[in-house]
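Just upload21.txt here, compact mmCIF, C-alpha atoms:
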```txt
# COMPACT_ATOMS: atom_id res chain seq x y z
CA MET A 83 83.04 82.56 130.79
CA SER A 84 81.66 80.09 128.28
CA THR A 85 83.46 76.75 128.12
CA ARG A 86 82.15 75.83 124.66
CA THR A 87 84.82 75.77 121.98
CA ALA A 88 84.39 78.74 119.68
CA VAL A 89 83.48 77.99 116.06
CA ILE A 90 85.24 80.56 113.90
CA GLY A 91 84.81 80.89 110.17
CA VAL A 92 87.43 82.02 107.67
CA LEU A 93 85.99 83.88 104.70
CA ALA A 94 87.11 81.53 101.94
CA LEU A 95 86.74 83.71 98.86
CA GLN A 96 90.44 84.52 98.49
CA GLY A 97 93.70 84.73 100.44
CA ASP A 98 95.44 82.75 103.20
CA VAL A 99 92.42 80.70 104.22
CA ARG A 100 94.30 77.52 105.15
CA GLU A 101 96.94 79.40 107.14
CA HIS A 102 94.29 81.19 109.20
CA GLN A 103 92.48 77.91 109.85
CA ILE A 104 95.71 76.36 111.15
CA ALA A 105 96.41 79.37 113.38
CA LEU A 106 92.87 79.29 114.79
CA ALA A 107 93.16 75.57 115.51
CA GLU A 108 96.45 76.23 117.34
CA ALA A 109 94.55 78.86 119.35
CA ASP A 110 91.99 76.24 120.43
CA ALA A 111 89.11 77.18 118.15
CA LEU A 112 87.17 75.13 115.61
CA ALA A 113 87.86 76.70 112.20
CA ARG A 114 85.58 76.39 109.17
CA PRO A 115 85.65 77.90 105.69
CA VAL A 116 82.76 80.27 104.93
CA ARG A 117 81.60 80.85 101.35
CA ARG A 118 77.81 81.03 101.71
CA ALA A 119 75.35 82.90 103.90
CA GLU A 120 74.14 79.69 105.53
CA GLU A 121 77.72 78.85 106.57
CA LEU A 122 78.16 82.35 107.99
CA ALA A 123 75.06 81.86 110.12
CA GLU A 124 76.65 78.83 111.83
CA VAL A 125 79.84 80.48 113.17
CA ASP A 126 80.53 82.46 116.34
CA GLY A 127 83.15 84.71 114.77
CA LEU A 128 84.86 85.30 111.44
CA VAL A 129 88.34 85.94 110.07
CA ILE A 130 88.67 87.92 106.84
CA PRO A 131 92.07 87.06 105.33
CA GLY A 132 94.40 89.04 103.11
CA GLY A 133 94.09 89.11 99.34
CA GLU A 134 92.96 91.81 96.95
CA SER A 135 90.30 93.93 98.58
CA THR A 136 88.41 94.96 95.43
CA THR A 137 88.24 91.35 94.24
CA MET A 138 87.16 90.19 97.69
CA SER A 139 84.44 92.82 97.78
CA ASN A 140 83.17 91.84 94.34
CA LEU A 141 83.18 88.13 95.27
CA ALA A 142 81.28 88.84 98.48
CA LEU A 143 78.65 90.63 96.43
CA SER A 144 78.54 87.82 93.85
CA PHE A 145 78.16 85.15 96.55
CA GLY A 146 75.38 87.11 98.26
CA LEU A 147 77.50 87.54 101.38
CA MET A 148 77.91 91.31 101.69
CA GLU A 149 74.57 92.07 103.34
CA PRO A 150 74.68 89.02 105.67
CA LEU A 151 78.22 90.05 106.68
CA ARG A 152 77.08 93.59 107.44
CA ALA A 153 74.13 92.24 109.41
CA ARG A 154 76.28 89.93 111.55
CA VAL A 155 78.76 92.72 112.26
CA ALA A 156 75.88 95.02 113.26
CA GLU A 157 74.61 92.27 115.58
CA GLY A 158 77.99 92.15 117.34
CA MET A 159 79.66 89.09 115.80
CA PRO A 160 83.44 89.26 116.45
CA VAL A 161 85.44 89.68 113.24
CA TYR A 162 89.19 89.84 112.66
CA GLY A 163 90.52 91.24 109.37
CA SER A 164 94.17 91.00 108.27
CA CYS A 165 95.52 93.17 105.41
CA ALA A 166 92.67 93.18 102.87
CA GLY A 167 90.43 92.13 105.75
CA MET A 168 91.33 95.39 107.49
CA ILE A 169 90.17 97.27 104.40
CA MET A 170 86.91 95.30 104.38
CA LEU A 171 86.19 96.40 107.97
CA ALA A 172 86.93 100.08 107.33
CA GLU A 173 84.20 102.69 107.11
CA LYS A 174 86.26 104.72 104.61
CA ILE A 175 88.95 103.80 102.04
CA LEU A 176 91.56 105.98 100.39
CA ASP A 177 93.00 104.98 96.99
CA GLY A 178 90.23 102.45 96.43
CA ARG A 179 88.01 102.06 93.40
CA ASP A 180 85.07 104.45 93.27
CA ASP A 181 82.60 101.55 93.37
CA GLN A 182 84.45 99.52 96.03
CA GLN A 183 82.26 98.39 98.91
CA THR A 184 83.21 97.39 102.43
CA ILE A 185 81.52 95.60 105.29
CA GLY A 186 82.45 98.45 107.62
CA GLY A 187 82.17 98.41 111.40
CA ILE A 188 85.44 100.03 112.48
CA ASP A 189 85.39 103.83 112.54
CA MET A 190 88.62 104.25 110.61
CA THR A 191 89.94 105.47 107.29
CA VAL A 192 92.34 103.01 105.61
CA ARG A 193 94.72 103.66 102.73
CA ARG A 194 95.05 100.75 100.28
CA ASN A 195 98.53 99.52 99.27
CA ALA A 196 99.96 102.25 101.51
CA PHE A 197 103.31 100.52 102.03
CA GLY A 198 103.90 99.95 98.32
CA ARG A 199 103.59 97.24 95.71
CA GLN A 200 104.19 93.49 96.01
CA ASN A 201 107.94 93.85 95.43
CA GLU A 202 108.11 96.37 98.28
CA SER A 203 106.82 93.85 100.83
CA PHE A 204 108.78 93.78 104.07
CA GLU A 205 108.93 92.39 107.60
CA SER A 206 109.27 94.28 110.87
CA ALA A 207 109.01 93.75 114.62
CA ILE A 208 105.75 95.22 115.91
CA ASP A 209 104.94 96.02 119.55
CA VAL A 210 101.28 95.14 120.10
CA LYS A 211 99.46 96.49 123.15
CA GLY A 212 99.03 93.75 125.75
CA PHE A 213 101.70 91.43 124.33
CA ASP A 214 104.87 90.83 126.34
CA SER A 215 107.16 90.80 123.31
CA ALA A 216 107.13 92.06 119.72
CA VAL A 217 105.18 90.37 116.95
CA HIS A 218 106.95 89.56 113.69
CA GLY A 219 104.92 91.58 111.19
CA VAL A 220 104.76 90.51 107.53
CA PHE A 221 103.53 93.34 105.29
CA ILE A 222 102.45 92.41 101.73
CA ARG A 223 100.88 95.24 99.70
CA ALA A 224 99.63 96.28 103.09
CA PRO A 225 97.26 99.10 104.03
CA TRP A 226 97.74 101.44 106.95
CA VAL A 227 95.17 103.24 109.05
CA GLU A 228 95.11 106.91 108.15
CA SER A 229 92.80 107.99 111.00
CA VAL A 230 90.50 106.54 113.65
CA GLY A 231 87.39 107.66 115.47
CA ALA A 232 87.11 108.13 119.23
CA GLY A 233 85.83 104.60 119.81
CA VAL A 234 88.79 102.85 118.17
CA GLU A 235 91.69 101.54 120.26
CA VAL A 236 95.08 101.67 118.53
CA LEU A 237 96.94 98.44 119.35
CA ALA A 238 100.11 98.92 117.29
CA GLU A 239 102.01 101.44 115.22
CA LEU A 240 104.90 100.96 112.83
CA PRO A 241 107.66 103.45 113.64
CA ALA A 242 108.64 105.42 110.56
CA ALA A 243 112.19 106.16 109.48
CA ASP A 244 113.71 109.62 109.01
CA GLY A 245 111.37 111.28 111.48
CA ALA A 246 108.24 110.56 109.45
CA GLU A 247 104.91 109.91 111.14
CA ALA A 248 104.35 106.46 112.67
CA ARG A 249 101.63 104.47 110.95
CA ILE A 250 98.78 102.65 112.70
CA VAL A 251 98.85 98.92 111.81
CA ALA A 252 96.54 97.28 114.39
CA VAL A 253 93.24 98.44 115.87
CA ARG A 254 90.27 97.21 117.84
CA GLN A 255 86.75 98.55 118.18
CA GLY A 256 84.47 96.45 120.36
CA ASN A 257 84.26 92.97 118.85
CA LEU A 258 86.19 93.96 115.72
CA LEU A 259 89.96 93.53 115.32
CA ALA A 260 92.16 94.43 112.35
CA THR A 261 95.86 94.30 111.44
CA SER A 262 97.78 95.53 108.41
CA PHE A 263 100.14 92.57 108.70
CA HIS A 264 99.77 88.79 108.29
CA PRO A 265 100.27 86.94 111.62
CA GLU A 266 99.02 83.71 110.02
CA LEU A 267 102.31 83.49 108.06
CA THR A 268 104.68 83.58 111.04
CA GLY A 269 103.86 80.72 113.41
CA ASP A 270 103.19 83.28 116.18
CA HIS A 271 99.53 82.76 117.04
CA ARG A 272 99.09 85.45 119.70
CA VAL A 273 96.91 87.66 117.49
CA HIS A 274 94.67 84.68 116.77
CA ARG A 275 94.57 83.81 120.48
CA LEU A 276 93.51 87.38 121.20
CA PHE A 277 90.72 87.05 118.67
CA VAL A 278 89.60 83.66 120.01
CA SER A 279 89.40 85.22 123.49
CA MET A 280 87.23 88.00 122.03
CA VAL A 281 84.89 85.38 120.56
CA GLN A 282 84.75 83.47 123.85
CA GLU A 283 83.91 86.70 125.70
CA ALA A 284 81.10 87.39 123.23
CA LEU A 285 79.75 83.86 123.74
CA ALA A 286 79.85 84.29 127.51
CA ALA A 287 78.02 87.61 127.27
CA ARG A 288 75.26 85.93 125.27
CA GLY A 289 74.93 83.25 127.92
```

Encoding of this model in structure tokens:
Amino acid sequence: MSTRTAVIGVLALQGDVREHQIALAEADALARPVRRAEELAEVDGLVIPGGESTTMSNLALSFGLMEPLRARVAEGMPVYGSCAGMIMLAEKILDGRDDQQTIGGIDMTVRRNAFGRQNESFESAIDVKGFDSAVHGVFIRAPWVESVGAGVEVLAELPAADGAEARIVAVRQGNLLATSFHPELTGDHRVHRLFVSMVQEALAARG
């Protein structure tokens, strides 16, 4: 296992950039904002924060980041996406704009704003695979995962009321991790620690 401290970028186009940087620092990583392709090239992993996914996609295109992001994901760079970041990592989007682009990488279909509008935001305890106690999930105009491919591991589901179908809210595929909720807002850094461990494993594999 590599002993070098992981350098993890936070895509700083929109969203909870500072909160993710704090959580990554608490998880023993070096966190840096990423706005340009040359900054992306210098990090070992990347967090894509929440925000508005269509705006984030358009900004990534405007900043010349979309193709470099896709290239780094294809090369195996670990990436964690929360809320809008989950949408950015999806191969398919439901209820998105016709021209909306994603980075892709996770074989999943995600529904935008699936849990409702801003004023329908809520919090719920979430059991995450591998964690010894529930995570406090904060859902703000959150997506859910409608379906996943065979290579995607479901890490958490939100139980539905009234016998409705449970909704997938956390997944992993290889070096890619995504959650519908915002762990950076809670002070519980276990999701970020999981991601830092994924980055460290990728560094060790590279030698």

Review point. Quick one: residues within 6 Å of range 255-267 of chain A, only C-alpha atoms counted, chain neighbours fewer than 5 positions away excluded, as an MDAnalysis selection string?
Key: chainID A and resid 101:102 160:165 168 219:221 224:225 234

Review point. Range 202-207 of chain A: which residues within 10 Å, counting all atoms listed in the file, same-chain residues fewer than 2 positions away excluded, as number ranges by chain?
Key: A: 197-200, 209-210, 215-224, 240-241, 263-264

Review point. Hey, can you check how far CA of Ala166 in chain A sits from CA of Ala284 in chain A?
Key: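 So the two atoms, CA of Ala166 in chain A and CA of Ala284 in chain A, lie 24.1 Å apart.
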
**Study point:** Minimum-distance residue to Gly127 in chain A, chosen among A:Leu171, A:Ala287, A:Val236, A:Met159 (using all atoms listed in the file)
**Key:**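 Of the candidates, the smallest distance to Gly127 in chain A is held by A:Met159.
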
Counting all atoms listed in the file, which residues in range 124-150 of chain A sit no more than 8 Å from range 84-93 of chain A? For each one, give the nearest pair of atoms and the distance in Å, sorted by chain then residue number, as a Markdown table.
```
| residue | atom | partner | partner_atom | distance |
| --- | --- | --- | --- | --- |
| A:Val125 | CA | A:Val89 | CA | 5.3 |
| A:Asp126 | CA | A:Val89 | CA | 5.4 |
| A:Gly127 | CA | A:Ile90 | CA | 4.7 |
| A:Leu128 | CA | A:Gly91 | CA | 4.6 |
| A:Val129 | CA | A:Val92 | CA | 4.7 |
| A:Ile130 | CA | A:Leu93 | CA | 5.3 |
| A:Pro131 | CA | A:Leu93 | CA | 6.9 |
```

Practice item. Have a look at CA of Ala156 in chain A and CA of Leu122 in chain A and let me know their distance in Å, one decimal. Key: 13.9 Å

Exercise for review: Identify which of the residues A:Gln103, A:Ala242, A:Met148, A:Val253 lies closest to His274 in chain A, counting only C-alpha atoms when measuring atom-to-atom distances.
Suggested key: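 That would be A:Gln103, the residue with the smallest distance to His274 in chain A.
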
Revision key, fill the gap. Nearest to Asn195 in chain A, restricted to all atoms listed in the file and choosing among A:Asp98, A:Glu134, A:Glu247, A:Glu235, comes out as A:Glu134

Point to revise | Selection near Ser229 in chain A, 12 Å with all atoms listed in the file, sequence-local residues under 5 positions removed, as a list of chain:residue names | key: A:Ala172, A:Glu173, A:Lys174, A:Ile175, A:Leu176, A:Ile188, A:Asp189, A:Met190, A:Thr191, A:Val192, A:Arg193, A:Val234, A:Glu235, A:Val236, A:Ala248, A:Arg249, A:Ile250, A:Val251, A:Ala252, A:Val253

Convert the current residue selection to file output with C-alpha atoms, as a PDB file, in the coordinates of the input.
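Resulting contents of out.pdb:
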```pdb
ATOM      1  CA  ALA A 172      86.930 100.080 107.330  1.00  0.00           C
ATOM      2  CA  GLU A 173      84.200 102.690 107.110  1.00  0.00           C
ATOM      3  CA  LYS A 174      86.260 104.720 104.610  1.00  0.00           C
ATOM      4  CA  ILE A 175      88.950 103.800 102.040  1.00  0.00           C
ATOM      5  CA  LEU A 176      91.560 105.980 100.390  1.00  0.00           C
ATOM      6  CA  ILE A 188      85.440 100.030 112.480  1.00  0.00           C
ATOM      7  CA  ASP A 189      85.390 103.830 112.540  1.00  0.00           C
ATOM      8  CA  MET A 190      88.620 104.250 110.610  1.00  0.00           C
ATOM      9  CA  THR A 191      89.940 105.470 107.290  1.00  0.00           C
ATOM     10  CA  VAL A 192      92.340 103.010 105.610  1.00  0.00           C
ATOM     11  CA  ARG A 193      94.720 103.660 102.730  1.00  0.00           C
ATOM     12  CA  VAL A 234      88.790 102.850 118.170  1.00  0.00           C
ATOM     13  CA  GLU A 235      91.690 101.540 120.260  1.00  0.00           C
ATOM     14  CA  VAL A 236      95.080 101.670 118.530  1.00  0.00           C
ATOM     15  CA  ALA A 248     104.350 106.460 112.670  1.00  0.00           C
ATOM     16  CA  ARG A 249     101.630 104.470 110.950  1.00  0.00           C
ATOM     17  CA  ILE A 250      98.780 102.650 112.700  1.00  0.00           C
ATOM     18  CA  VAL A 251      98.850  98.920 111.810  1.00  0.00           C
ATOM     19  CA  ALA A 252      96.540  97.280 114.390  1.00  0.00           C
ATOM     20  CA  VAL A 253      93.240  98.440 115.870  1.00  0.00           C
TER      21      VAL A 253
END
```

Review point. Suppose you want the space between CA of Leu237 in chain A and CA of Pro115 in chain A; what is it in Å?
Key: 27.1 Å

Exercise for review: Pick out the closest residue to Leu141 in chain A from this set: A:Leu95, A:Val278, A:Met170, A:Ala109. Count only C-alpha atoms.
Suggested key: A:Leu95

Exercise for review: Counting all atoms listed in the file, figure out which residue out of A:Leu143, A:Ala232, A:Ala94, A:Ala153 gets nearest to Glu121 in chain A.
Suggested key: A:Ala94

Check your understanding: From the set A:Ile185, A:Val273, A:Ala123, A:Val230, which residue has the shortest atom-to-atom contact distance to Ala105 in chain A, counting all atoms listed in the file?
Key ->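 Closest residue, counting all atoms listed in the file: A:Val273.
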
Enclose the full set of atoms of range 171-181 of chain A listed in the file within a box whose edges lie along x, y and z, apply 3 Å of padding to each of the six sides, and report centre and edge lengths in Å to one decimal as lines of an AutoDock Vina configuration file.
```
center_x = 87.8
center_y = 101.2
center_z = 100.6
size_x = 16.4
size_y = 15.6
size_z = 20.7
```

Can I get range 134-169 of chain A with N, CA and C atoms filled in, as a compact mmCIF listing (two decimals), in the coordinates of the input?
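Listing of rebuild-v1.txt after writing:
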```
# COMPACT_ATOMS: atom_id res chain seq x y z
N GLU A 134 93.14 90.56 97.68
CA GLU A 134 92.96 91.81 96.95
C GLU A 134 91.58 92.34 97.30
N SER A 135 91.54 93.50 97.95
CA SER A 135 90.30 93.93 98.58
C SER A 135 89.17 94.19 97.59
N THR A 136 89.48 94.72 96.40
CA THR A 136 88.41 94.96 95.43
C THR A 136 87.84 93.65 94.93
N THR A 137 88.71 92.67 94.66
CA THR A 137 88.24 91.35 94.24
C THR A 137 87.42 90.69 95.32
N MET A 138 87.89 90.79 96.57
CA MET A 138 87.16 90.19 97.69
C MET A 138 85.78 90.82 97.84
N SER A 139 85.72 92.14 97.70
CA SER A 139 84.44 92.82 97.78
C SER A 139 83.49 92.37 96.69
N ASN A 140 84.01 92.27 95.46
CA ASN A 140 83.17 91.84 94.34
C ASN A 140 82.69 90.40 94.52
N LEU A 141 83.57 89.53 95.03
CA LEU A 141 83.18 88.13 95.27
C LEU A 141 82.13 88.04 96.37
N ALA A 142 82.29 88.84 97.41
CA ALA A 142 81.28 88.84 98.48
C ALA A 142 79.92 89.25 97.95
N LEU A 143 79.91 90.23 97.06
CA LEU A 143 78.65 90.63 96.43
C LEU A 143 78.10 89.51 95.55
N SER A 144 78.97 88.88 94.76
CA SER A 144 78.54 87.82 93.85
C SER A 144 77.99 86.62 94.60
N PHE A 145 78.59 86.31 95.76
CA PHE A 145 78.16 85.15 96.55
C PHE A 145 76.99 85.49 97.47
N GLY A 146 76.49 86.72 97.40
CA GLY A 146 75.38 87.11 98.26
C GLY A 146 75.76 87.20 99.73
N LEU A 147 77.02 87.53 100.00
CA LEU A 147 77.50 87.54 101.38
C LEU A 147 77.60 88.94 101.98
N MET A 148 77.62 89.98 101.15
CA MET A 148 77.91 91.31 101.69
C MET A 148 76.87 91.74 102.72
N GLU A 149 75.59 91.63 102.40
CA GLU A 149 74.57 92.07 103.34
C GLU A 149 74.52 91.18 104.59
N PRO A 150 74.60 89.84 104.45
CA PRO A 150 74.68 89.02 105.67
C PRO A 150 75.89 89.35 106.53
N LEU A 151 77.04 89.66 105.91
CA LEU A 151 78.22 90.05 106.68
C LEU A 151 77.95 91.34 107.45
N ARG A 152 77.39 92.32 106.77
CA ARG A 152 77.08 93.59 107.44
C ARG A 152 76.10 93.39 108.59
N ALA A 153 75.12 92.50 108.37
CA ALA A 153 74.13 92.24 109.41
C ALA A 153 74.76 91.59 110.63
N ARG A 154 75.64 90.60 110.42
CA ARG A 154 76.28 89.93 111.55
C ARG A 154 77.19 90.88 112.31
N VAL A 155 77.91 91.73 111.59
CA VAL A 155 78.76 92.72 112.26
C VAL A 155 77.89 93.67 113.10
N ALA A 156 76.78 94.12 112.54
CA ALA A 156 75.88 95.02 113.26
C ALA A 156 75.30 94.35 114.50
N GLU A 157 75.14 93.02 114.44
CA GLU A 157 74.61 92.27 115.58
C GLU A 157 75.66 92.01 116.65
N GLY A 158 76.93 92.32 116.35
CA GLY A 158 77.99 92.15 117.34
C GLY A 158 78.88 90.94 117.16
N MET A 159 78.78 90.23 116.02
CA MET A 159 79.66 89.09 115.80
C MET A 159 81.12 89.56 115.77
N PRO A 160 82.02 88.91 116.52
CA PRO A 160 83.44 89.26 116.45
C PRO A 160 84.01 88.94 115.07
N VAL A 161 84.79 89.87 114.53
CA VAL A 161 85.44 89.68 113.24
C VAL A 161 86.87 90.18 113.33
N TYR A 162 87.80 89.42 112.76
CA TYR A 162 89.19 89.84 112.66
C TYR A 162 89.56 89.93 111.18
N GLY A 163 90.08 91.06 110.75
CA GLY A 163 90.52 91.24 109.37
C GLY A 163 92.00 91.52 109.30
N SER A 164 92.74 90.75 108.48
CA SER A 164 94.17 91.00 108.27
C SER A 164 94.38 91.52 106.84
N CYS A 165 95.16 92.58 106.70
CA CYS A 165 95.52 93.17 105.41
C CYS A 165 94.25 93.57 104.63
N ALA A 166 93.90 92.85 103.58
CA ALA A 166 92.67 93.18 102.87
C ALA A 166 91.45 93.10 103.78
N GLY A 167 91.51 92.22 104.78
CA GLY A 167 90.43 92.13 105.75
C GLY A 167 90.27 93.40 106.55
N MET A 168 91.40 94.08 106.83
CA MET A 168 91.33 95.39 107.49
C MET A 168 90.58 96.37 106.62
N ILE A 169 90.86 96.37 105.32
CA ILE A 169 90.17 97.27 104.40
C ILE A 169 88.68 96.97 104.39
```
